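Contents: one structure, followed by commentary.
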Amino acid sequence: MSRKSSEDGSVTATRSQAQLRSLRSQIDKLDLQILKLVNERAAIALKIGQLKNDHGQEVFSPAREEEVLRDVLEANKGPLSDQAVRAIFRELMSGSRALQKVLRVAYLGPEYSFSHLAALERFGQSVEFIRVGTIAAVFEDVDRGQADYGVVPLENSTDGRIVDTLEMFVRMPQIKICAEVRLRIHYHLMANCAPSDIRRVYSKTQALSQCRNWLAKNVPQAQLVEVASTATAAELAQREPGAAAVASRQAATRYGLRVLFSNIEDYPYNETRFAVIATQSPPHSSEVPEKTAVMFQVPHRPGALVDALNVFKQNKVNLTWIESFPARSGRPEYVFFVDFEGHQDEPKIRRTLEALKEHCERVVVLGSFPTSEPAET
C-alpha cells in the first residue's frame, strides 16, 4: 500500500469516528430530553390518579389506554415499527399506573406461556404478576380480591372456544370482562439437538393441534406429547435429550433453546383472544369502539334460540361472537355466549337487552369493554 493510500485511509477513519461521536452526542441530548418529557408525563398521570382516587375511580382505564395507543400508532411515521412504538407506550403507561397503584394480575402460568404474554401485552412489566395453575384459580383469585385483574384465554381462531373459561363464567357470573387482548399466535419448534434427532415434541394440546400438519411433515419420527403449557414444554425440552417443544420465541430465550423453525402454525392467521376479568366492567367511553358480552339461556322449546337472536337483528346490533356451552343442569340445555358492538349503557343496547330478557330464562351481562387490535407475539 502506498503512503498516500495509507494517509487517505487514516483521514477517512478519523472523519468516520468524528461523525460517530457527533451522532452519539445528538442521541445523548435526545435521551435527556426524552427522560425529561417522560417524567413530566408521569407527573401529570400521577395527578390524574389522585383525582381518580378522590372520586373512587379505578386506576386501570382500558378505554383510555386503547385511545392512547390508537393515537400514537396513527401518528407514527417510522422508522420505528408500530410494534416497537406499542411496546414503548405500553411500558410508559404501565410505569405511570404503578405510581398510583401496583396492580396485582393473575394469569395461567408458568412464565412465558401465552397467557403470560397476553398479560404483559395488556399491563406491561410494572405490575405484580400472580402465576396460578388453572383458569379456575384465576377466577377465584379475582373473586376473593387476591388479584385486581385476571387474564384468561377466551377463544382461538383455529380451535374455537376455551371450555374452561366459559365454564367459569357459568359458575361465577359475578366476574366481569373489562378488557380484551388479541394476540397473533406464532409457534416455533425449539430444541438443543438437530431436527433429525428429535424423538419427542412437547406442547399444550391446542398448540400441537394448530401445528399438527407441519409436525407430521417435518418431524414425522417424533412422538407428540401433551403437557399443561407451552412454557412447561420448553422447560422439558431443555432437560431431556432428544426432546423439542412448540412454544413462543420468548420461552426459547428463557430456557436457552435454539429455535429450529419459526412460524410453524398450520393456519397463518392464528389468533387467540383473551379476556381481562375483574369484579366490575369499566364505564362507557365515547372515544373508542366498545363491545358488550352477554351470557343467556333460552327455554327448551323449538325456535327459542331464533327468537332470541332475532332481537339483535331487529335492533340492528351486530354480533361479533357466539358460542354454546352445556348448561350443566342434567338436561340437554345450553347456555349461549355472545358479544356485540356497543356498550351496555347506550340506549340502543339497553333496549336490546330488555327485549332479550323477554325471550330468555336468564340473561347475564358479562361486561362492556373497549375493542382492541391484534398484537404480535
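Residue names in the C-alpha cells use chain letters A, B, ... in the order shown, residue numbers from 1 in each chain, and ligand numbers from 1 in the order shown.
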
Contacts of Val335 (chain A) at 12 Å (only C-alpha atoms; same-chain gap of 4+ positions) as a list in words:
Leu166, Glu167, Phe169, Val170, Arg171, Val294, Met295, Phe296, Gln297, Val298, Pro299, His300, Leu305, Ile322, Glu323, Ser324, Phe325, Pro326, Ala327, Arg328, Ser329, Arg331, Cys360, Glu361, Arg362, Val363 and Val364 of chain A

The selected residues should be written to file as a tab-separated table (two decimals), in the first residue's frame (atoms: N, CA, C and O atoms).
```tsv
chain	number	residue	atom	x	y	z
A	166	LEU	N	-65.30	-20.60	29.69
A	166	LEU	CA	-66.76	-20.50	29.63
A	166	LEU	C	-67.40	-21.15	30.85
A	166	LEU	O	-68.38	-20.63	31.40
A	167	GLU	N	-66.86	-22.28	31.26
A	167	GLU	CA	-67.42	-22.96	32.44
A	167	GLU	C	-67.31	-22.08	33.69
A	167	GLU	O	-68.22	-22.05	34.52
A	169	PHE	N	-67.32	-18.78	33.76
A	169	PHE	CA	-68.33	-17.72	33.70
A	169	PHE	C	-69.71	-18.25	34.11
A	169	PHE	O	-70.49	-17.53	34.73
A	170	VAL	N	-70.00	-19.51	33.76
A	170	VAL	CA	-71.26	-20.13	34.20
A	170	VAL	C	-71.27	-20.25	35.72
A	170	VAL	O	-72.29	-19.97	36.37
A	171	ARG	N	-70.14	-20.66	36.29
A	171	ARG	CA	-70.05	-20.85	37.75
A	171	ARG	C	-69.95	-19.55	38.51
A	171	ARG	O	-70.42	-19.44	39.65
A	294	VAL	N	-72.47	-11.03	26.71
A	294	VAL	CA	-73.67	-11.49	27.41
A	294	VAL	C	-73.70	-13.02	27.42
A	294	VAL	O	-73.31	-13.67	26.44
A	295	MET	N	-74.20	-13.57	28.53
A	295	MET	CA	-74.46	-15.00	28.65
A	295	MET	C	-75.97	-15.15	28.85
A	295	MET	O	-76.55	-14.48	29.70
A	296	PHE	N	-76.62	-16.01	28.04
A	296	PHE	CA	-78.06	-16.18	28.21
A	296	PHE	C	-78.49	-17.62	28.00
A	296	PHE	O	-77.77	-18.41	27.37
A	297	GLN	N	-79.65	-17.96	28.55
A	297	GLN	CA	-80.22	-19.30	28.41
A	297	GLN	C	-81.67	-19.16	27.97
A	297	GLN	O	-82.43	-18.37	28.53
A	298	VAL	N	-82.05	-19.92	26.94
A	298	VAL	CA	-83.40	-19.83	26.38
A	298	VAL	C	-84.23	-21.02	26.85
A	298	VAL	O	-83.69	-22.05	27.26
A	299	PRO	N	-85.57	-20.92	26.79
A	299	PRO	CA	-86.43	-22.06	27.13
A	299	PRO	C	-86.16	-23.24	26.20
A	299	PRO	O	-85.77	-23.07	25.04
A	300	HIS	N	-86.41	-24.44	26.71
A	300	HIS	CA	-86.17	-25.65	25.92
A	300	HIS	C	-87.40	-25.94	25.06
A	300	HIS	O	-88.21	-26.82	25.35
A	305	LEU	N	-84.07	-20.20	20.41
A	305	LEU	CA	-82.81	-19.52	20.11
A	305	LEU	C	-82.98	-18.53	18.98
A	305	LEU	O	-82.45	-17.41	19.02
A	322	ILE	N	-70.31	-15.75	18.96
A	322	ILE	CA	-71.36	-16.57	19.55
A	322	ILE	C	-70.82	-17.96	19.80
A	322	ILE	O	-70.13	-18.54	18.95
A	323	GLU	N	-71.10	-18.49	20.99
A	323	GLU	CA	-70.70	-19.84	21.36
A	323	GLU	C	-71.81	-20.47	22.21
A	323	GLU	O	-72.54	-19.76	22.91
A	324	SER	N	-71.91	-21.79	22.16
A	324	SER	CA	-72.82	-22.51	23.04
A	324	SER	C	-72.01	-23.32	24.04
A	324	SER	O	-70.86	-23.70	23.77
A	325	PHE	N	-72.65	-23.61	25.19
A	325	PHE	CA	-71.98	-24.36	26.24
A	325	PHE	C	-73.03	-25.12	27.03
A	325	PHE	O	-74.09	-24.56	27.35
A	326	PRO	N	-72.79	-26.39	27.38
A	326	PRO	CA	-73.79	-27.16	28.15
A	326	PRO	C	-74.14	-26.47	29.46
A	326	PRO	O	-73.26	-25.95	30.16
A	327	ALA	N	-75.42	-26.46	29.79
A	327	ALA	CA	-75.89	-25.74	30.97
A	327	ALA	C	-75.56	-26.45	32.28
A	327	ALA	O	-75.77	-25.89	33.36
A	328	ARG	N	-75.08	-27.69	32.24
A	328	ARG	CA	-74.75	-28.47	33.43
A	328	ARG	C	-75.95	-28.64	34.35
A	328	ARG	O	-75.83	-28.63	35.57
A	329	SER	N	-77.13	-28.78	33.74
A	329	SER	CA	-78.37	-28.87	34.53
A	329	SER	C	-78.91	-30.29	34.59
A	329	SER	O	-79.94	-30.52	35.23
A	331	ARG	N	-80.09	-31.73	32.04
A	331	ARG	CA	-80.99	-31.80	30.89
A	331	ARG	C	-80.22	-31.33	29.65
A	331	ARG	O	-79.21	-30.64	29.77
A	360	CYS	N	-85.75	-15.05	27.14
A	360	CYS	CA	-84.76	-15.91	27.82
A	360	CYS	C	-85.17	-16.22	29.25
A	360	CYS	O	-85.87	-15.44	29.91
A	361	GLU	N	-84.71	-17.35	29.73
A	361	GLU	CA	-84.89	-17.69	31.13
A	361	GLU	C	-83.87	-16.96	32.01
A	361	GLU	O	-84.12	-16.72	33.19
A	362	ARG	N	-82.74	-16.61	31.41
A	362	ARG	CA	-81.65	-16.00	32.17
A	362	ARG	C	-80.80	-15.17	31.22
A	362	ARG	O	-80.44	-15.63	30.13
A	363	VAL	N	-80.49	-13.95	31.64
A	363	VAL	CA	-79.57	-13.08	30.88
A	363	VAL	C	-78.59	-12.47	31.87
A	363	VAL	O	-79.00	-11.86	32.86
A	364	VAL	N	-77.30	-12.67	31.61
A	364	VAL	CA	-76.25	-12.10	32.46
A	364	VAL	C	-75.31	-11.28	31.58
A	364	VAL	O	-74.74	-11.80	30.62
```

Neighbouring residues of Asp82 (chain A) were defined as those with any atom within 7 Å, considering only C-alpha atoms; residues of the same chain fewer than 3 positions away were excluded. Please report them as a JSON list (two decimals) with N, CA, C and O atoms, in the first residue's frame.
```
[["chain", "number", "residue", "atom", "x", "y", "z"],
["A", 73, "LEU", "N", -50.11, 5.29, 17.33],
["A", 73, "LEU", "CA", -49.85, 4.44, 16.17],
["A", 73, "LEU", "C", -50.30, 5.12, 14.88],
["A", 73, "LEU", "O", -49.65, 4.98, 13.84],
["A", 85, "VAL", "N", -43.28, 0.88, 18.77],
["A", 85, "VAL", "CA", -43.94, 2.04, 19.40],
["A", 85, "VAL", "C", -44.96, 1.58, 20.43],
["A", 85, "VAL", "O", -45.08, 2.13, 21.53],
["A", 86, "ARG", "N", -45.72, 0.54, 20.09],
["A", 86, "ARG", "CA", -46.72, -0.01, 21.02],
["A", 86, "ARG", "C", -46.04, -0.48, 22.31],
["A", 86, "ARG", "O", -46.54, -0.23, 23.41]]
```

What is the CA of Thr292 (chain A)-CA of Cys178 (chain A) distance in Å, reported with one decimal?
9.6 Å

Please identify the strand (DSSP E or B) residues within region 178-306 of chain A (assignment by DSSP from backbone atoms) and present them as an MDAnalysis selection string.
chainID A and resid 178:184 188:191 200:203 223:226 243:247 258:261 271:278 290:297

Quick one: write out the picked residues with N, CA and C atoms as a tab-separated table (two decimals), in the first residue's frame?
```tsv
chain	number	residue	atom	x	y	z
A	178	CYS	N	-63.54	-6.78	31.53
A	178	CYS	CA	-63.30	-5.33	31.49
A	178	CYS	C	-62.40	-4.92	30.33
A	179	ALA	N	-61.78	-5.89	29.65
A	179	ALA	CA	-60.93	-5.57	28.50
A	179	ALA	C	-60.66	-6.88	27.76
A	180	GLU	N	-60.14	-6.75	26.54
A	180	GLU	CA	-59.73	-7.92	25.78
A	180	GLU	C	-58.31	-7.72	25.29
A	181	VAL	N	-57.63	-8.84	25.06
A	181	VAL	CA	-56.29	-8.81	24.47
A	181	VAL	C	-56.31	-9.79	23.31
A	182	ARG	N	-55.92	-9.32	22.14
A	182	ARG	CA	-55.87	-10.18	20.96
A	182	ARG	C	-54.41	-10.37	20.57
A	183	LEU	N	-53.97	-11.64	20.58
A	183	LEU	CA	-52.60	-11.95	20.21
A	183	LEU	C	-52.57	-12.80	18.94
A	184	ARG	N	-51.75	-12.39	17.99
A	184	ARG	CA	-51.46	-13.26	16.85
A	184	ARG	C	-50.44	-14.29	17.34
A	188	HIS	N	-43.10	-21.84	17.44
A	188	HIS	CA	-41.75	-22.14	16.96
A	188	HIS	C	-41.34	-23.50	17.50
A	189	LEU	N	-40.63	-24.25	16.67
A	189	LEU	CA	-40.08	-25.53	17.13
A	189	LEU	C	-38.68	-25.26	17.67
A	190	MET	N	-38.46	-25.65	18.92
A	190	MET	CA	-37.19	-25.33	19.58
A	190	MET	C	-36.62	-26.57	20.26
A	191	ALA	N	-35.31	-26.67	20.26
A	191	ALA	CA	-34.62	-27.80	20.87
A	191	ALA	C	-33.13	-27.47	20.94
A	200	ARG	N	-39.25	-36.65	20.74
A	200	ARG	CA	-40.49	-36.22	21.38
A	200	ARG	C	-40.67	-34.72	21.17
A	201	VAL	N	-41.90	-34.31	20.93
A	201	VAL	CA	-42.24	-32.89	20.84
A	201	VAL	C	-43.30	-32.60	21.88
A	202	TYR	N	-42.96	-31.74	22.83
A	202	TYR	CA	-43.87	-31.37	23.90
A	202	TYR	C	-44.60	-30.07	23.57
A	203	SER	N	-45.86	-29.99	23.94
A	203	SER	CA	-46.57	-28.71	23.92
A	203	SER	C	-47.97	-28.88	24.49
A	223	GLN	N	-42.71	-38.35	18.62
A	223	GLN	CA	-43.95	-38.55	19.35
A	223	GLN	C	-44.44	-37.20	19.87
A	224	LEU	N	-45.72	-36.89	19.69
A	224	LEU	CA	-46.29	-35.64	20.20
A	224	LEU	C	-46.82	-35.89	21.61
A	225	VAL	N	-46.34	-35.11	22.56
A	225	VAL	CA	-46.69	-35.31	23.97
A	225	VAL	C	-47.35	-34.05	24.52
A	226	GLU	N	-48.58	-34.18	25.01
A	226	GLU	CA	-49.32	-33.04	25.54
A	226	GLU	C	-48.91	-32.74	26.99
A	243	ALA	N	-35.50	-34.13	22.98
A	243	ALA	CA	-36.82	-33.52	23.16
A	243	ALA	C	-36.85	-32.13	22.53
A	244	ALA	N	-38.01	-31.77	22.01
A	244	ALA	CA	-38.24	-30.45	21.44
A	244	ALA	C	-39.54	-29.91	22.00
A	245	ALA	N	-39.80	-28.64	21.76
A	245	ALA	CA	-41.03	-28.00	22.23
A	245	ALA	C	-41.60	-27.12	21.14
A	246	VAL	N	-42.92	-27.00	21.16
A	246	VAL	CA	-43.62	-26.00	20.36
A	246	VAL	C	-44.05	-24.92	21.33
A	247	ALA	N	-43.49	-23.73	21.18
A	247	ALA	CA	-43.73	-22.68	22.17
A	247	ALA	C	-43.42	-21.32	21.55
A	258	ARG	N	-32.56	-23.45	21.15
A	258	ARG	CA	-32.39	-22.92	19.81
A	258	ARG	C	-33.71	-23.04	19.05
A	259	VAL	N	-34.11	-21.96	18.39
A	259	VAL	CA	-35.30	-22.02	17.54
A	259	VAL	C	-34.88	-22.65	16.22
A	260	LEU	N	-35.40	-23.86	15.97
A	260	LEU	CA	-35.04	-24.59	14.76
A	260	LEU	C	-35.88	-24.14	13.56
A	261	PHE	N	-37.17	-23.92	13.81
A	261	PHE	CA	-38.09	-23.48	12.76
A	261	PHE	C	-39.06	-22.48	13.37
A	271	GLU	N	-54.98	-16.61	15.80
A	271	GLU	CA	-55.13	-15.56	16.81
A	271	GLU	C	-55.89	-16.09	18.02
A	272	THR	N	-55.45	-15.73	19.20
A	272	THR	CA	-56.17	-16.05	20.43
A	272	THR	C	-56.63	-14.76	21.08
A	273	ARG	N	-57.89	-14.77	21.50
A	273	ARG	CA	-58.44	-13.61	22.22
A	273	ARG	C	-58.52	-13.95	23.70
A	274	PHE	N	-58.01	-13.06	24.52
A	274	PHE	CA	-58.00	-13.22	25.96
A	274	PHE	C	-58.95	-12.20	26.58
A	275	ALA	N	-59.58	-12.60	27.68
A	275	ALA	CA	-60.43	-11.68	28.44
A	275	ALA	C	-59.67	-11.22	29.68
A	276	VAL	N	-59.72	-9.92	29.94
A	276	VAL	CA	-59.24	-9.38	31.21
A	276	VAL	C	-60.45	-9.32	32.13
A	277	ILE	N	-60.38	-10.03	33.24
A	277	ILE	CA	-61.55	-10.14	34.13
A	277	ILE	C	-61.32	-9.37	35.43
A	278	ALA	N	-62.43	-8.90	36.00
A	278	ALA	CA	-62.40	-8.14	37.25
A	278	ALA	C	-63.77	-8.29	37.91
A	290	GLU	N	-66.58	-0.02	21.39
A	290	GLU	CA	-66.74	-0.91	22.53
A	290	GLU	C	-67.62	-2.11	22.17
A	291	LYS	N	-67.50	-3.15	22.99
A	291	LYS	CA	-68.31	-4.36	22.87
A	291	LYS	C	-68.99	-4.64	24.20
A	292	THR	N	-70.06	-5.43	24.13
A	292	THR	CA	-70.69	-5.96	25.33
A	292	THR	C	-70.78	-7.48	25.20
A	293	ALA	N	-70.44	-8.19	26.27
A	293	ALA	CA	-70.53	-9.65	26.29
A	293	ALA	C	-71.70	-10.06	27.18
A	294	VAL	N	-72.47	-11.03	26.71
A	294	VAL	CA	-73.67	-11.49	27.41
A	294	VAL	C	-73.70	-13.02	27.42
A	295	MET	N	-74.20	-13.57	28.53
A	295	MET	CA	-74.46	-15.00	28.65
A	295	MET	C	-75.97	-15.15	28.85
A	296	PHE	N	-76.62	-16.01	28.04
A	296	PHE	CA	-78.06	-16.18	28.21
A	296	PHE	C	-78.49	-17.62	28.00
A	297	GLN	N	-79.65	-17.96	28.55
A	297	GLN	CA	-80.22	-19.30	28.41
A	297	GLN	C	-81.67	-19.16	27.97
```

Near-Glu91 (chain A) list (9 Å; only C-alpha atoms; drop same-chain fewer than 2 positions) as a list of chain:residue names
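Selected residues are A:Arg86, A:Ala87, A:Ile88, A:Phe89, A:Met93, A:Ser94, A:Gly95, A:Ser96, A:Phe123, A:Gly124, A:Gln125, A:Ser126.
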
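For region 130-146 of chain A, the residues within 9 Å (counting only C-alpha atoms, excluding itself and residues fewer than 3 positions away along the chain) are Arg104, Val105, Ala106, Tyr107, Leu108, Gly109, Pro110, Glu111, His116, Tyr149, Gly150, Val151, Val152, Pro153, Asp164, Thr165, Glu167, Met168, Phe169, Met172, Gln174, Ile175, Ala228, Ile277, Ala278 and Thr279 of chain A.
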
Once DSSP has gone over the backbone, tell me which residues of region 24-116 of chain A are in helix (DSSP H, G or I), as a PyMOL selection string.
chain A and resi 24-54+62-75+82-100+114-116

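Here the question is which of A:Gln314, A:Thr205, A:Thr371, A:Gln33 gets nearest to Leu356 (chain A) using only C-alpha atoms, and that residue is A:Gln314.
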
Shortest contact to Ser113 (chain A), candidates A:Val317, A:Ala231, A:Ile349, A:Leu51, atoms counted only C-alpha atoms, goes to A:Ala231

Which polymer residues have any atom within 10 Å of an atom of Pro241 (chain A), counting only C-alpha atoms, with same-chain residues fewer than 5 positions away left out, as a list in words?
Ala191, Asn192, Cys193, Asp197, Ile198, Arg199, Arg200 and Leu236 of chain A
